[in-house]
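Read through the structure below, which is laid out as structure tokens, and then see the notes.
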Amino acid sequence: MWHELNSWLDLSRLTGIAPAASEQAVAVDDLLNGVHLFMLALFIGWTYFFLQTLWKFRRSKNPKADYVGFTGHGSTYVEIIVIVTEAALLLGLAFPIWAKRVNEFPPLDQSVQIHVVAEQFAWNIHYPGPDGKFGRQDLKLVSPDNPLGIDRTDPNAKDDIVTMNQLHLPVNRDITILITSKDVIHSFALRQMRTCQDAIPGMRVPVWFKPTITTEEMRKKLGNDKFDYEIMCAQLCGLGHYRMRGFVTVETQEKYDAWIAEQAKLAQEASTGAGQSQGGEYE
Amino acid sequence: MVKITNIFSIFLVLFTVGCGKKPGASKPMAEAPAGAAAGSEAKPADAQAPAVGLGKITGKVVLSGTPPEAAMIKMDADPYCKAHHSGPVASETVVVGAGGALKNVLVYLKKGTQGKTIPPVPKDKPMLDQVGCQYVPHMLAVRVGQAFTIRNSDGTLHNVHATGVANKEFNLGQPVQGMSSDKTFNSPEVVVRFKCDVHPWMGACVAVLEHPWFAVTGDDGTFTIANVPAGTYTVEAWHEALPAQTAEVTVAGAETPANFTFQK
């Protein structure tokens with residue numbers, strides 16, 4: 001019901017917020033729109049009060065200051081209404097949205113798990129590959145050719161896919177992303193999915209969402225052939241922060257599977273051909 | 001009470017300033033007088049050699065066995081970089097040419113230069129350029145105290161990050177195409193590794209040496225170290241990812257060969 005009410009006057013769209021592209025974004029947009037409508041009501045109310053005050057207590061009619069002002073209990077009722085509306089937004093919308101987001105993670109075996117490791121100034125995306133297992137990582141193996149220090153002699157790591165700034169996601173599937181950082185605090189922000197999480201060195205923080213609109217569909221919707229979902233860095237991390245962006249492609253399950261298979265094949269060829277690197281930066 | 005504190009503070013400041021070290025001032029200074037003093041005297045080891053002149057060391061560096069398959073650089077991380085290359089770009093960590101020729105190997109005189117006259121630091125400035133989101137050249141060798149230019153020829157931000165140990169680490173943002181800065185390293189170091197904070201695959205090695213007797217191998221793996229005074233030296237061939245190779249070489253005024261074979 002709240003959602004129907006909200007769609008009637010979608011102020012969020014008027015304010016230029018990017019259209020929602022995930023299941024969880026709908027509720028967040030409802031909250032945003034609710035807050036906007038509430039602010040609009042308050043704005044009309046307070047402006048009316050302000051103008052009325054200017055008129056009623058203008059100097060020609062009130063040469064001596066009035067120390068009483070408006071009388072009556074009207075203001076008390078308005079205050080009560082404001083408090084109740086705020087409580088409704090907070091307890092009825094905001095708390096449940098937040099609780100659902102942090103408590104109701106989908107079961108691990110049903111969601112697509114991806115590790116994202118931020119560094120100055122790029123996003124390393126690590127997929128487990130077709131075997132579904134993440135390979136071993138070792139700090140000593142970190143080098144420009146191997147930014148995540150993946151130990152390719154580990155059988156689980158043979159098909160691990162590591163990309164830089166390229167995140168592919170299947171549409172209408174639960175995605176769980178574990179975010180961390182190699183150096184300073186960054187923030188993984190997918191604005192259209194209404195998802196944002198600080199990338200904190202030393203911690204792997206999970207965040208989940210379900211994308212609902214593919215890149216192709218969004219391009220048609222916006223009439224923009226060049227549109228791409230973006231990972232933005234949302235926490236100042238240094239002189240390259242302003243251009244620290246990744247590219248997200250949301251595609252159908254078939255296309256996603258084909259991409260994973262192709263990348264895994266390349267990764268396997270690389271791990272048998274190149275073998276173990278001779279040593280990294282941290283020997 | 002106030003007066004005593006002021007005097008004490010002044011002494012403290014003078015003491016700190018007076019005892020502050022100037023970076024790298026000691027080493028090159030020590031080298032020059034010793035070299036000048038021993039200059040024209042022939043060393044005992046050369047007593048049997050023919051007329052002393054300047055020789056050169058030439059040779060080729062190869063990698064034995066099948067060359068490892070180079071990893072491909074993920075240039076699609078930055079659309080500008082990807083647009084700059086027509087095809088996939090291989091990593092420059094190990095570059096092997098025809099016949100196992102190993103590129104970007106630094107060949108230099110590691111031991112034996114004690115007592116030789118060391119020519120002064122040249123005034124020209126070698127260039128470390130960034131083109132197509134790669135450092136050019138991948139291995140650069142400079143003298144201690146020789147200024148070199150770092151330039152960004154790309155129309156995108158590069159962040160030149162030098163991770164020196166003996167030399168001070170620095171971090172230089174170059175957002176504008178064509179902008180350049182001069183830097184000088186004042187301590188010998190093999191090598192100072194350069195990276196780009198914006199493009200993680202970018203890397204370069206800058207070797208800082210106290211003498212001019214060094215060379216970097218090209219595509220064909222060959223090198224020439226010219227104007228070497230007569231003497232016996234330990235020559236080292238250094239590669240950033242493979243174990244270094246050394247050889248004992250005696251130079252006696254002519255061309256002396258020295259070849260190196262690296263193992264994986």
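By order in the structure tokens, chains are A, B, ...; within a chain, residues start at 1; ligands start at 1, following the order shown.
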
Close residues, region 232-237 of chain B itself excluded, 10 Å, only C-alpha atoms, min 4 positions apart in chain, as a PyMOL selection string: chain B and resi 45-46+57+61+105-114+213-217+243-252+258-262

Hey, could you make a per-residue contact list for chain B against chain A with 9 Å as the cut-off, showing the nearest pair of atoms and its distance in Å to one decimal, counting only C-alpha atoms, sorted by chain and number, as CSV?
residue,atom,partner,partner_atom,distance
B:Pro68,CA,A:Ala274,CA,5.4
B:Glu69,CA,A:Ala274,CA,4.9
B:Ala70,CA,A:Ala274,CA,6.6
B:Ala71,CA,A:Ala270,CA,6.8
B:Met72,CA,A:Asp145,CA,8.4
B:Ile73,CA,A:Asp145,CA,7.6
B:Lys74,CA,A:Met164,CA,6.6
B:Met75,CA,A:Met164,CA,8.4
B:Asp76,CA,A:Met164,CA,7.6
B:Ala77,CA,A:Asn165,CA,5.0
B:Asp78,CA,A:Asn165,CA,7.8
B:Ser91,CA,A:Asp145,CA,7.2
B:Thr93,CA,A:Asp145,CA,8.2
B:Leu157,CA,A:Gly240,CA,7.8
B:His158,CA,A:Gly240,CA,8.7
B:Asn159,CA,A:Gly240,CA,8.0
B:Gly173,CA,A:Leu239,CA,7.4
B:Lys195,CA,A:Pro144,CA,8.6
B:Asp197,CA,A:Gln120,CA,5.8
B:Val198,CA,A:Phe121,CA,4.9
B:His199,CA,A:Phe121,CA,7.3
B:Pro200,CA,A:Pro144,CA,6.0
B:Trp201,CA,A:Pro144,CA,4.8
B:Met202,CA,A:Pro144,CA,7.2
B:Gly203,CA,A:Pro144,CA,7.4
B:Ala241,CA,A:Gln278,CA,6.1
B:Leu242,CA,A:Gln278,CA,7.0
B:Lys264,CA,A:Gln278,CA,8.3

Just want the 10 Å neighbourhood of region 155-158 of chain A, counted on only C-alpha atoms, with same-chain residues fewer than 3 positions away dropped. Output as a PyMOL selection string. chain A and resi 127-129+131-137+150-152+161+264-265+267-272

DSSP on the backbone, alpha helix (DSSP H) only: what residues of region 76-232 of chain B does that give? Format it as a PyMOL selection string. chain B and resi 79-83

Who sits within 9 Å of region 141-148 of chain B, only C-alpha atoms, same chain under 3 positions skipped, as an MDAnalysis selection string: chainID B and resid 24 28 106 121:128 181:189 191 205:212 214:216

Export, as a compact mmCIF listing (two decimals), in the first residue's frame, the selected residues with N, CA and C atoms.
# COMPACT_ATOMS: atom_id res chain seq x y z
N GLY B 24 72.82 11.53 1.45
CA GLY B 24 73.72 10.97 0.42
C GLY B 24 74.95 11.79 0.17
N PRO B 28 79.28 9.83 -2.47
CA PRO B 28 79.95 10.26 -3.72
C PRO B 28 81.20 11.08 -3.42
N LEU B 106 69.91 -5.48 -16.43
CA LEU B 106 70.93 -4.49 -16.10
C LEU B 106 72.26 -5.21 -15.95
N VAL B 121 79.51 12.93 -13.22
CA VAL B 121 78.11 12.64 -13.57
C VAL B 121 77.73 13.48 -14.80
N PRO B 122 77.21 12.84 -15.85
CA PRO B 122 76.85 13.62 -17.04
C PRO B 122 75.67 14.56 -16.77
N LYS B 123 75.60 15.61 -17.60
CA LYS B 123 74.57 16.61 -17.39
C LYS B 123 73.25 16.23 -18.07
N ASP B 124 73.27 15.29 -19.00
CA ASP B 124 72.02 14.98 -19.72
C ASP B 124 71.07 14.23 -18.79
N LYS B 125 69.79 14.36 -19.08
CA LYS B 125 68.76 13.78 -18.22
C LYS B 125 68.02 12.68 -18.95
N PRO B 126 68.24 11.45 -18.54
CA PRO B 126 67.47 10.36 -19.17
C PRO B 126 65.98 10.53 -18.85
N MET B 127 65.16 9.92 -19.72
CA MET B 127 63.72 10.13 -19.57
C MET B 127 63.01 8.83 -19.19
N LEU B 128 62.17 8.93 -18.18
CA LEU B 128 61.27 7.82 -17.86
C LEU B 128 59.88 8.29 -18.26
N SER B 181 58.49 16.02 -14.49
CA SER B 181 59.19 16.47 -13.30
C SER B 181 60.58 15.87 -13.33
N ASP B 182 61.55 16.59 -12.76
CA ASP B 182 62.90 16.05 -12.65
C ASP B 182 63.11 15.51 -11.25
N LYS B 183 63.74 14.36 -11.17
CA LYS B 183 64.05 13.78 -9.87
C LYS B 183 65.50 13.37 -9.86
N THR B 184 66.08 13.31 -8.68
CA THR B 184 67.48 12.86 -8.54
C THR B 184 67.57 11.90 -7.39
N PHE B 185 68.26 10.80 -7.61
CA PHE B 185 68.52 9.87 -6.52
C PHE B 185 69.96 10.05 -6.05
N ASN B 186 70.15 10.17 -4.76
CA ASN B 186 71.48 10.46 -4.24
C ASN B 186 72.15 9.28 -3.55
N SER B 187 71.53 8.12 -3.58
CA SER B 187 72.18 6.94 -2.98
C SER B 187 72.16 5.81 -4.00
N PRO B 188 73.26 5.03 -4.05
CA PRO B 188 73.25 3.91 -5.00
C PRO B 188 72.23 2.87 -4.57
N GLU B 189 71.53 2.33 -5.54
CA GLU B 189 70.51 1.30 -5.24
C GLU B 189 70.22 0.50 -6.50
N VAL B 191 67.49 -2.20 -7.35
CA VAL B 191 67.00 -1.03 -8.06
C VAL B 191 65.89 -0.36 -7.25
N CYS B 205 61.93 -0.28 -13.32
CA CYS B 205 63.05 -0.39 -12.39
C CYS B 205 64.04 0.70 -12.73
N VAL B 206 64.44 1.47 -11.74
CA VAL B 206 65.47 2.47 -11.99
C VAL B 206 66.67 2.11 -11.12
N ALA B 207 67.78 1.79 -11.79
CA ALA B 207 69.00 1.43 -11.07
C ALA B 207 69.83 2.70 -10.88
N VAL B 208 70.34 2.90 -9.67
CA VAL B 208 71.14 4.07 -9.38
C VAL B 208 72.55 3.59 -9.06
N LEU B 209 73.52 3.99 -9.89
CA LEU B 209 74.88 3.45 -9.75
C LEU B 209 75.89 4.57 -9.56
N GLU B 210 76.99 4.19 -8.89
CA GLU B 210 78.00 5.19 -8.55
C GLU B 210 78.99 5.44 -9.66
N HIS B 211 78.96 4.60 -10.68
CA HIS B 211 79.95 4.73 -11.76
C HIS B 211 79.20 4.59 -13.08
N PRO B 212 79.84 4.91 -14.21
CA PRO B 212 79.11 4.87 -15.48
C PRO B 212 79.18 3.54 -16.21
N PHE B 214 77.76 0.60 -16.90
CA PHE B 214 76.56 -0.25 -16.86
C PHE B 214 75.89 -0.18 -18.23
N ALA B 215 75.01 -1.13 -18.47
CA ALA B 215 74.22 -1.13 -19.71
C ALA B 215 72.95 -1.91 -19.47
N VAL B 216 71.96 -1.65 -20.30
CA VAL B 216 70.70 -2.39 -20.21
C VAL B 216 70.49 -3.11 -21.53

Could you state the separation of CA of Gly99 (chain B) and CA of Val62 (chain B) in Å, given to one decimal place? 7.5 Å

For a test of reading the model, state the distance in Å between CA of Glu104 (chain A) and CA of Thr212 (chain A), rounded to one decimal. 18.3 Å

CA of Val82 (chain A) to CA of Ile17 (chain A): how many Å, to one decimal? 25.7 Å
